[in-house]
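Remarks on the structure that follows.
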Amino acid sequence: MTELTIIEPGALTTVQDFGRPGHSALGIGRSGACDRGAHRLANALIGNHPTLATLELTLGGLSLSPDTDITLATSGARCPGVPHLAAFQLRAGETLTFGIPETGLRTYLAVRGGIDVEPVLGSRATDILSGLGPPVVSSGDVLPVGTTERPVPGVDVAPVPEPTNELMQIAVTPGPRRDWFDDEAWALLTSQTYSVDSQSNRVGVRLSGEPLQRLREGELVSEGMLRGAIQMPPSGLPVLFLADHPVTGGYPVIGYVDDLDVDRCAQLRPGQELRFVRAGR
Amino acid sequence: MGEAMRILPSGSRGLLLELDTLEDVLRQYAALLDADLPVLDLVPAGRTILVVADRETNLEDLRSQLRQVPPAEHGQQEGSTVEVPVRYDGEDLAEAAELLGCSPEELVQRHQEEDWTVAFCGFAPGFGYLAGSKFAWDTPRRSSPRTKVPAGAVAIAGEFTGVYPRESPGGWQLIGTAVVDVFDIDRDPPALLVPGTAVRFVGQP
C-alpha cells in the first residue's frame, strides 16, 4: 500500500471528506471539508470518487513524501511551489513542499486513491470541535493511500475562479431569530464592512466591526443550527458557522448565508473584509 | 398539530419547527422519524426541531409536507427502559441538594426514582439532555464552570440531567459517576442515550 510521510504539517492540516451527515440528533455534527467545492474539484482532477478523503491545508506549510510514485492535484488556495488546479506526478522519495498562499486560506490536496485512514461513523473527516475522526496531521505521520480503478480525466487545468483577498460580498437571508433584532440592527448587519478576526477556525468565521444591539433580552433555549448560520453572541459581533460548528447553540441566529456560498466564506483570511448584502428575493 | 407549530427559516437547506413544550417536541420528533420525508437530518432541541433537507429538496414543498405530519401519541420510544448504573459520588452532591432544598440522600433517591426521557443531544457527541416528569427539577448551574469534568460524570442543571461522554469543560452540578460508556463509536448507534429513550438511574455501591 502506498504511504505518505508527513515531514512538516503546516499550521493546521486535517483529513477531510463530505463529513458524517445524519447523526446530528446524537450530538454529532457533520464536519467535512470547509470548502466542499474545492475538495470535490481536487478529487475530480485525478479521477477520484468525490467521497474519497483529501488533505485540507490552512495557509499551506505542508511538506510530505510518498513511498511510491503517485498522482496528485490541488485546489482552493494556491500555494507557491506546487502545481495548482491540475493533476501532477510525484516520484517515490521526492518531497513536495507547500508555500504560504497569497490569496485564500484553505488548500485541498487529493491523492489518487484517496487518504485511506480508518473511517469513523462513515467518514474520514477530522472534527476539531467534537474530537471525532483522525487526529490533526503532525510531523512523522504516515498516511495510507487507497486505490481506484476510475480513469484519470484528460483535463490539463481546471478553469475555476480562485479566491481573492478583496472585499467579499455575501448574500444573507433572515434567520429564525431575526425578530430578536430591530430593523436598525439588521440594517447595520447588511451595510457595515466586517473584518475577519484571527480567532476564526473550522468552527466559524469570527467577525469584528460595530456591535449589534439585541432587541430582546433573556435566554434562547438551545436549538439546532446549520453551516452558514450567523450566530449573534452577547458581544453583538457575528460568528459565521463553518464545517465543525456545534450541532445546537444558545445564541440567536439572525441570518443565514446560502449553503453553497459558505464554501467561499471558508476561504476568508484573517484581516480580510466581508460585507453581508440582503439576498435579492 | 399545525396551530401550535411555527416554521422558521434556517438558511437554504433548513427549516426550524418551533413548538410550545418539550413534550410537543418529542411527539413531533417521533412522528417525523416515522414520516417518509426527503430530509437528511433532524435535530430535536428544547423547543425546536431543525429539519435539514438535501440540496435537491424544495423547501417550500417540504414546509407544506411538514404541516401534514401530526404529532405522535407518545414522545417516548416504545419498549424497554435503558438502565444507567451510577455511583453517587459527585463532588457537588451536597451543594446541589442544598440548592434543591433537600438532603443529599433525598436527592440521590429522587434521581433514581425519576422517569427520565432523553429530550435531545448536543454539546458533545452522545451528550443527552434528560428531562424528568415527577419532580420539579430546577438546579442552578455552578457559578464558575469546571475546566475539566471527567468522562462518565452524572450531572444536573436546570430541568435536566446528563452524563458527560468524555472529559470536557462543564458547568453542571456533578452528583455521580456512570459505570457505563454513554458514547462508543464502535456501537450502533454510538450513543446510548438517543432522543426519545426512557432512562432509569440505578445506584451502585
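As shown in the C-alpha cells, the chain order sets the letters A, B, ...; within each chain, residues go from 1, and ligands are also counted from 1 in the order they appear.
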
Excluding same-chain residues fewer than 6 positions from B:Gly170, what lies within 10 Å of it counting only C-alpha atoms, as number ranges by chain? B: 123, 141-142, 144-150, 155, 164

Next, write the just-selected residues to a file, as a CSV table (one decimal), in the first residue's frame, keeping N, CA and C atoms as the atom set.
```csv
chain,number,residue,atom,x,y,z
B,123,PHE,N,-24.0,19.6,22.7
B,123,PHE,CA,-22.9,19.9,23.5
B,123,PHE,C,-21.6,19.1,23.1
B,141,ARG,N,-26.9,26.3,37.6
B,141,ARG,CA,-25.6,25.8,37.2
B,141,ARG,C,-24.6,26.3,38.2
B,142,ARG,N,-23.4,25.7,38.2
B,142,ARG,CA,-22.3,26.2,39.0
B,142,ARG,C,-21.9,27.7,38.6
B,144,SER,N,-19.2,29.1,38.6
B,144,SER,CA,-18.0,29.1,37.7
B,144,SER,C,-17.8,27.7,37.1
B,145,PRO,N,-17.9,27.5,35.8
B,145,PRO,CA,-17.8,26.2,35.3
B,145,PRO,C,-16.4,25.5,35.5
B,146,ARG,N,-16.4,24.2,35.6
B,146,ARG,CA,-15.2,23.5,35.7
B,146,ARG,C,-14.5,23.4,34.3
B,147,THR,N,-13.2,23.5,34.3
B,147,THR,CA,-12.5,23.4,33.0
B,147,THR,C,-12.4,21.9,32.6
B,148,LYS,N,-12.4,21.0,33.6
B,148,LYS,CA,-12.4,19.6,33.3
B,148,LYS,C,-13.4,18.8,34.1
B,149,VAL,N,-14.4,18.3,33.4
B,149,VAL,CA,-15.3,17.4,34.1
B,149,VAL,C,-14.9,16.0,33.5
B,150,PRO,N,-14.8,15.0,34.5
B,150,PRO,CA,-14.3,13.7,34.0
B,150,PRO,C,-15.4,13.0,33.2
B,155,ALA,N,-24.5,14.5,36.0
B,155,ALA,CA,-24.7,15.9,36.5
B,155,ALA,C,-26.1,16.4,36.3
B,164,TYR,N,-21.7,13.1,31.1
B,164,TYR,CA,-20.6,13.5,30.2
B,164,TYR,C,-19.9,12.4,29.5
```

Distance query B:Thr161 at most 10 Å, only C-alpha atoms, self and fewer than 3 positions along chain excluded, as a PyMOL selection string: chain B and resi 111+116-118+128-132+137+139+154-158+172-175

Keeping all heavy atoms for every residue in the selection just given, could you write it to a file as a compact mmCIF listing (two decimals), in the first residue's frame?
```
# COMPACT_ATOMS: atom_id res chain seq x y z
N HIS B 111 -33.35 11.16 42.15
CA HIS B 111 -32.70 10.98 40.84
C HIS B 111 -32.95 9.57 40.32
O HIS B 111 -33.14 9.37 39.11
CB HIS B 111 -31.20 11.27 40.97
CG HIS B 111 -30.48 11.45 39.67
ND1 HIS B 111 -29.68 10.48 39.12
CD2 HIS B 111 -30.47 12.50 38.78
CE1 HIS B 111 -29.18 10.92 37.96
NE2 HIS B 111 -29.64 12.14 37.74
N TRP B 116 -36.88 9.42 33.60
CA TRP B 116 -36.19 10.34 32.69
C TRP B 116 -36.44 9.96 31.24
O TRP B 116 -36.57 8.79 30.90
CB TRP B 116 -34.68 10.32 32.96
CG TRP B 116 -34.26 10.77 34.32
CD1 TRP B 116 -33.91 9.98 35.38
CD2 TRP B 116 -34.14 12.12 34.78
NE1 TRP B 116 -33.57 10.76 36.47
CE2 TRP B 116 -33.70 12.07 36.13
CE3 TRP B 116 -34.36 13.38 34.18
CZ2 TRP B 116 -33.48 13.22 36.89
CZ3 TRP B 116 -34.13 14.52 34.94
CH2 TRP B 116 -33.70 14.44 36.27
N THR B 117 -36.46 10.96 30.38
CA THR B 117 -36.53 10.74 28.93
C THR B 117 -35.44 11.58 28.27
O THR B 117 -35.26 12.75 28.64
CB THR B 117 -37.89 11.19 28.36
OG1 THR B 117 -38.92 10.49 29.04
CG2 THR B 117 -37.99 10.89 26.87
N VAL B 118 -34.71 10.98 27.32
CA VAL B 118 -33.73 11.77 26.60
C VAL B 118 -34.48 12.74 25.69
O VAL B 118 -35.17 12.33 24.76
CB VAL B 118 -32.79 10.89 25.74
CG1 VAL B 118 -31.72 11.75 25.07
CG2 VAL B 118 -32.16 9.79 26.58
N GLY B 128 -26.63 13.51 26.18
CA GLY B 128 -28.07 13.64 26.14
C GLY B 128 -28.58 14.56 27.24
O GLY B 128 -28.04 14.56 28.36
N TYR B 129 -29.59 15.34 26.91
CA TYR B 129 -30.29 16.16 27.90
C TYR B 129 -31.52 15.37 28.31
O TYR B 129 -32.44 15.19 27.52
CB TYR B 129 -30.69 17.50 27.30
CG TYR B 129 -29.54 18.43 26.99
CD1 TYR B 129 -28.72 18.22 25.89
CD2 TYR B 129 -29.27 19.53 27.80
CE1 TYR B 129 -27.66 19.07 25.60
CE2 TYR B 129 -28.22 20.40 27.53
CZ TYR B 129 -27.42 20.16 26.43
OH TYR B 129 -26.38 21.01 26.15
N LEU B 130 -31.54 14.89 29.57
CA LEU B 130 -32.63 14.05 30.04
C LEU B 130 -33.59 14.87 30.89
O LEU B 130 -33.17 15.52 31.86
CB LEU B 130 -32.08 12.89 30.88
CG LEU B 130 -31.50 11.68 30.14
CD1 LEU B 130 -30.34 12.05 29.24
CD2 LEU B 130 -31.07 10.62 31.14
N ALA B 131 -34.87 14.82 30.54
CA ALA B 131 -35.88 15.55 31.29
C ALA B 131 -36.69 14.57 32.12
O ALA B 131 -36.96 13.45 31.69
CB ALA B 131 -36.80 16.30 30.33
N GLY B 132 -37.09 15.00 33.32
CA GLY B 132 -37.89 14.16 34.20
C GLY B 132 -39.37 14.49 34.09
O GLY B 132 -39.76 15.35 33.31
N TRP B 137 -37.51 19.64 38.80
CA TRP B 137 -36.07 19.88 38.85
C TRP B 137 -35.77 21.29 38.36
O TRP B 137 -36.25 21.68 37.30
CB TRP B 137 -35.32 18.88 37.98
CG TRP B 137 -35.50 17.46 38.42
CD1 TRP B 137 -36.47 16.60 38.05
CD2 TRP B 137 -34.66 16.75 39.33
NE1 TRP B 137 -36.31 15.39 38.67
CE2 TRP B 137 -35.20 15.45 39.46
CE3 TRP B 137 -33.50 17.08 40.04
CZ2 TRP B 137 -34.63 14.48 40.28
CZ3 TRP B 137 -32.93 16.12 40.85
CH2 TRP B 137 -33.49 14.83 40.97
N THR B 139 -32.22 23.12 38.92
CA THR B 139 -30.94 23.26 39.62
C THR B 139 -30.10 24.35 38.97
O THR B 139 -29.82 24.27 37.77
CB THR B 139 -30.14 21.94 39.52
OG1 THR B 139 -31.05 20.84 39.54
CG2 THR B 139 -29.12 21.83 40.63
N VAL B 154 -22.07 12.14 36.11
CA VAL B 154 -23.52 12.33 36.05
C VAL B 154 -23.81 13.67 36.71
O VAL B 154 -23.33 13.93 37.82
CB VAL B 154 -24.25 11.20 36.79
CG1 VAL B 154 -25.76 11.44 36.78
CG2 VAL B 154 -23.92 9.85 36.16
N ALA B 155 -24.54 14.53 36.01
CA ALA B 155 -24.71 15.89 36.49
C ALA B 155 -26.14 16.36 36.31
O ALA B 155 -26.91 15.77 35.55
CB ALA B 155 -23.76 16.81 35.71
N ILE B 156 -26.49 17.42 37.04
CA ILE B 156 -27.81 18.02 36.90
C ILE B 156 -27.66 19.53 36.70
O ILE B 156 -26.72 20.14 37.22
CB ILE B 156 -28.75 17.72 38.10
CG1 ILE B 156 -28.09 18.12 39.42
CG2 ILE B 156 -29.15 16.26 38.14
CD1 ILE B 156 -28.99 17.94 40.65
N ALA B 157 -28.59 20.10 35.95
CA ALA B 157 -28.64 21.56 35.74
C ALA B 157 -29.99 21.90 35.15
O ALA B 157 -30.50 21.18 34.30
CB ALA B 157 -27.53 22.01 34.80
N GLY B 158 -30.58 23.00 35.63
CA GLY B 158 -31.89 23.40 35.14
C GLY B 158 -32.87 22.26 35.32
O GLY B 158 -32.91 21.62 36.37
N TRP B 172 -22.31 22.04 34.93
CA TRP B 172 -23.39 21.39 35.65
C TRP B 172 -22.90 20.88 37.00
O TRP B 172 -21.69 20.74 37.23
CB TRP B 172 -23.93 20.20 34.81
CG TRP B 172 -24.70 20.64 33.60
CD1 TRP B 172 -24.58 21.83 32.94
CD2 TRP B 172 -25.71 19.88 32.91
NE1 TRP B 172 -25.45 21.86 31.87
CE2 TRP B 172 -26.16 20.69 31.82
CE3 TRP B 172 -26.28 18.63 33.09
CZ2 TRP B 172 -27.15 20.27 30.94
CZ3 TRP B 172 -27.27 18.21 32.21
CH2 TRP B 172 -27.70 19.02 31.14
N GLN B 173 -23.86 20.62 37.90
CA GLN B 173 -23.53 20.11 39.26
C GLN B 173 -23.30 18.61 39.17
O GLN B 173 -24.19 17.86 38.78
CB GLN B 173 -24.69 20.39 40.21
CG GLN B 173 -25.21 21.82 40.21
CD GLN B 173 -24.37 22.76 41.07
OE1 GLN B 173 -23.42 22.33 41.73
NE2 GLN B 173 -24.71 24.03 41.05
N LEU B 174 -22.12 18.17 39.60
CA LEU B 174 -21.76 16.76 39.49
C LEU B 174 -22.28 15.99 40.70
O LEU B 174 -21.97 16.33 41.84
CB LEU B 174 -20.24 16.59 39.40
CG LEU B 174 -19.52 17.47 38.37
CD1 LEU B 174 -18.04 17.08 38.30
CD2 LEU B 174 -20.17 17.35 36.99
N ILE B 175 -23.11 14.97 40.43
CA ILE B 175 -23.66 14.20 41.54
C ILE B 175 -23.20 12.75 41.55
O ILE B 175 -23.39 12.05 42.53
CB ILE B 175 -25.21 14.26 41.57
CG1 ILE B 175 -25.81 13.66 40.30
CG2 ILE B 175 -25.69 15.70 41.76
CD1 ILE B 175 -27.32 13.41 40.41
```

Please find the residues of chain A near chain B - the criterion being any atom within 10 Å, counting only C-alpha atoms - and write them as number ranges by chain. A: 21-30, 120-121, 129-132, 172-178, 220-230, 246-249, 253-260

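Considering the residues A:Gly99, A:Pro119, A:Pro144, A:Gly133 and counting only C-alpha atoms, A:Asp67 has its shortest atom-to-atom contact with A:Pro144.
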
Using only C-alpha atoms, which residues sit within 9 Å of A:Glu102 once same-chain residues fewer than 5 positions away are excluded, as an mmCIF file with all heavy atoms, in the first residue's frame?
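Final output, part.cif:
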```cif
data_model
loop_
_atom_site.group_PDB
_atom_site.id
_atom_site.type_symbol
_atom_site.label_atom_id
_atom_site.label_comp_id
_atom_site.auth_asym_id
_atom_site.auth_seq_id
_atom_site.Cartn_x
_atom_site.Cartn_y
_atom_site.Cartn_z
ATOM 1 N N LEU A 59 -3.412 27.781 5.247
ATOM 2 C CA LEU A 59 -2.239 28.614 4.954
ATOM 3 C C LEU A 59 -0.996 27.785 4.623
ATOM 4 O O LEU A 59 0.121 28.090 5.071
ATOM 5 C CB LEU A 59 -1.960 29.586 6.118
ATOM 6 C CG LEU A 59 -2.968 30.744 6.232
ATOM 7 C CD1 LEU A 59 -2.723 31.554 7.502
ATOM 8 C CD2 LEU A 59 -2.907 31.658 5.006
ATOM 9 N N ALA A 77 -6.964 27.456 -2.183
ATOM 10 C CA ALA A 77 -5.926 28.496 -2.127
ATOM 11 C C ALA A 77 -4.649 27.987 -2.796
ATOM 12 O O ALA A 77 -4.178 26.894 -2.480
ATOM 13 C CB ALA A 77 -5.661 28.880 -0.676
ATOM 14 N N ARG A 78 -4.096 28.765 -3.713
ATOM 15 C CA ARG A 78 -2.923 28.352 -4.493
ATOM 16 C C ARG A 78 -1.648 28.543 -3.666
ATOM 17 O O ARG A 78 -1.326 29.659 -3.242
ATOM 18 C CB ARG A 78 -2.856 29.208 -5.758
ATOM 19 C CG ARG A 78 -1.662 28.938 -6.668
ATOM 20 C CD ARG A 78 -1.611 29.948 -7.806
ATOM 21 N NE ARG A 78 -2.674 29.744 -8.777
ATOM 22 C CZ ARG A 78 -2.531 29.046 -9.925
ATOM 23 N NH1 ARG A 78 -1.365 28.503 -10.224
ATOM 24 N NH2 ARG A 78 -3.549 28.917 -10.739
ATOM 25 N N CYS A 79 -0.906 27.457 -3.459
ATOM 26 C CA CYS A 79 0.324 27.534 -2.668
ATOM 27 C C CYS A 79 1.538 27.573 -3.594
ATOM 28 O O CYS A 79 1.654 26.734 -4.499
ATOM 29 C CB CYS A 79 0.453 26.323 -1.745
ATOM 30 S SG CYS A 79 -0.798 26.248 -0.451
ATOM 31 N N PRO A 80 2.464 28.517 -3.368
ATOM 32 C CA PRO A 80 3.685 28.556 -4.174
ATOM 33 C C PRO A 80 4.450 27.236 -4.044
ATOM 34 O O PRO A 80 4.441 26.611 -2.977
ATOM 35 C CB PRO A 80 4.497 29.704 -3.553
ATOM 36 C CG PRO A 80 3.532 30.503 -2.759
ATOM 37 C CD PRO A 80 2.437 29.576 -2.337
ATOM 38 N N THR A 164 -9.774 35.473 -3.765
ATOM 39 C CA THR A 164 -9.034 36.743 -3.792
ATOM 40 C C THR A 164 -8.978 37.303 -2.373
ATOM 41 O O THR A 164 -9.683 36.826 -1.481
ATOM 42 C CB THR A 164 -9.719 37.789 -4.690
ATOM 43 O OG1 THR A 164 -10.886 38.263 -4.011
ATOM 44 C CG2 THR A 164 -10.097 37.216 -6.044
ATOM 45 N N ASN A 165 -8.150 38.318 -2.180
ATOM 46 C CA ASN A 165 -8.070 38.977 -0.863
ATOM 47 C C ASN A 165 -8.965 40.196 -0.799
ATOM 48 O O ASN A 165 -8.923 40.963 0.158
ATOM 49 C CB ASN A 165 -6.625 39.400 -0.564
ATOM 50 C CG ASN A 165 -5.743 38.185 -0.303
ATOM 51 O OD1 ASN A 165 -6.249 37.099 -0.034
ATOM 52 N ND2 ASN A 165 -4.442 38.378 -0.390
#
```

When you look at A:Thr13 with a cut-off of 9 Å (counting only C-alpha atoms), what residues show up, excluding the ones that are within fewer than 5 positions of it in the same chain? I need them as number ranges by chain. A: 55-58, 60-62, 136-138
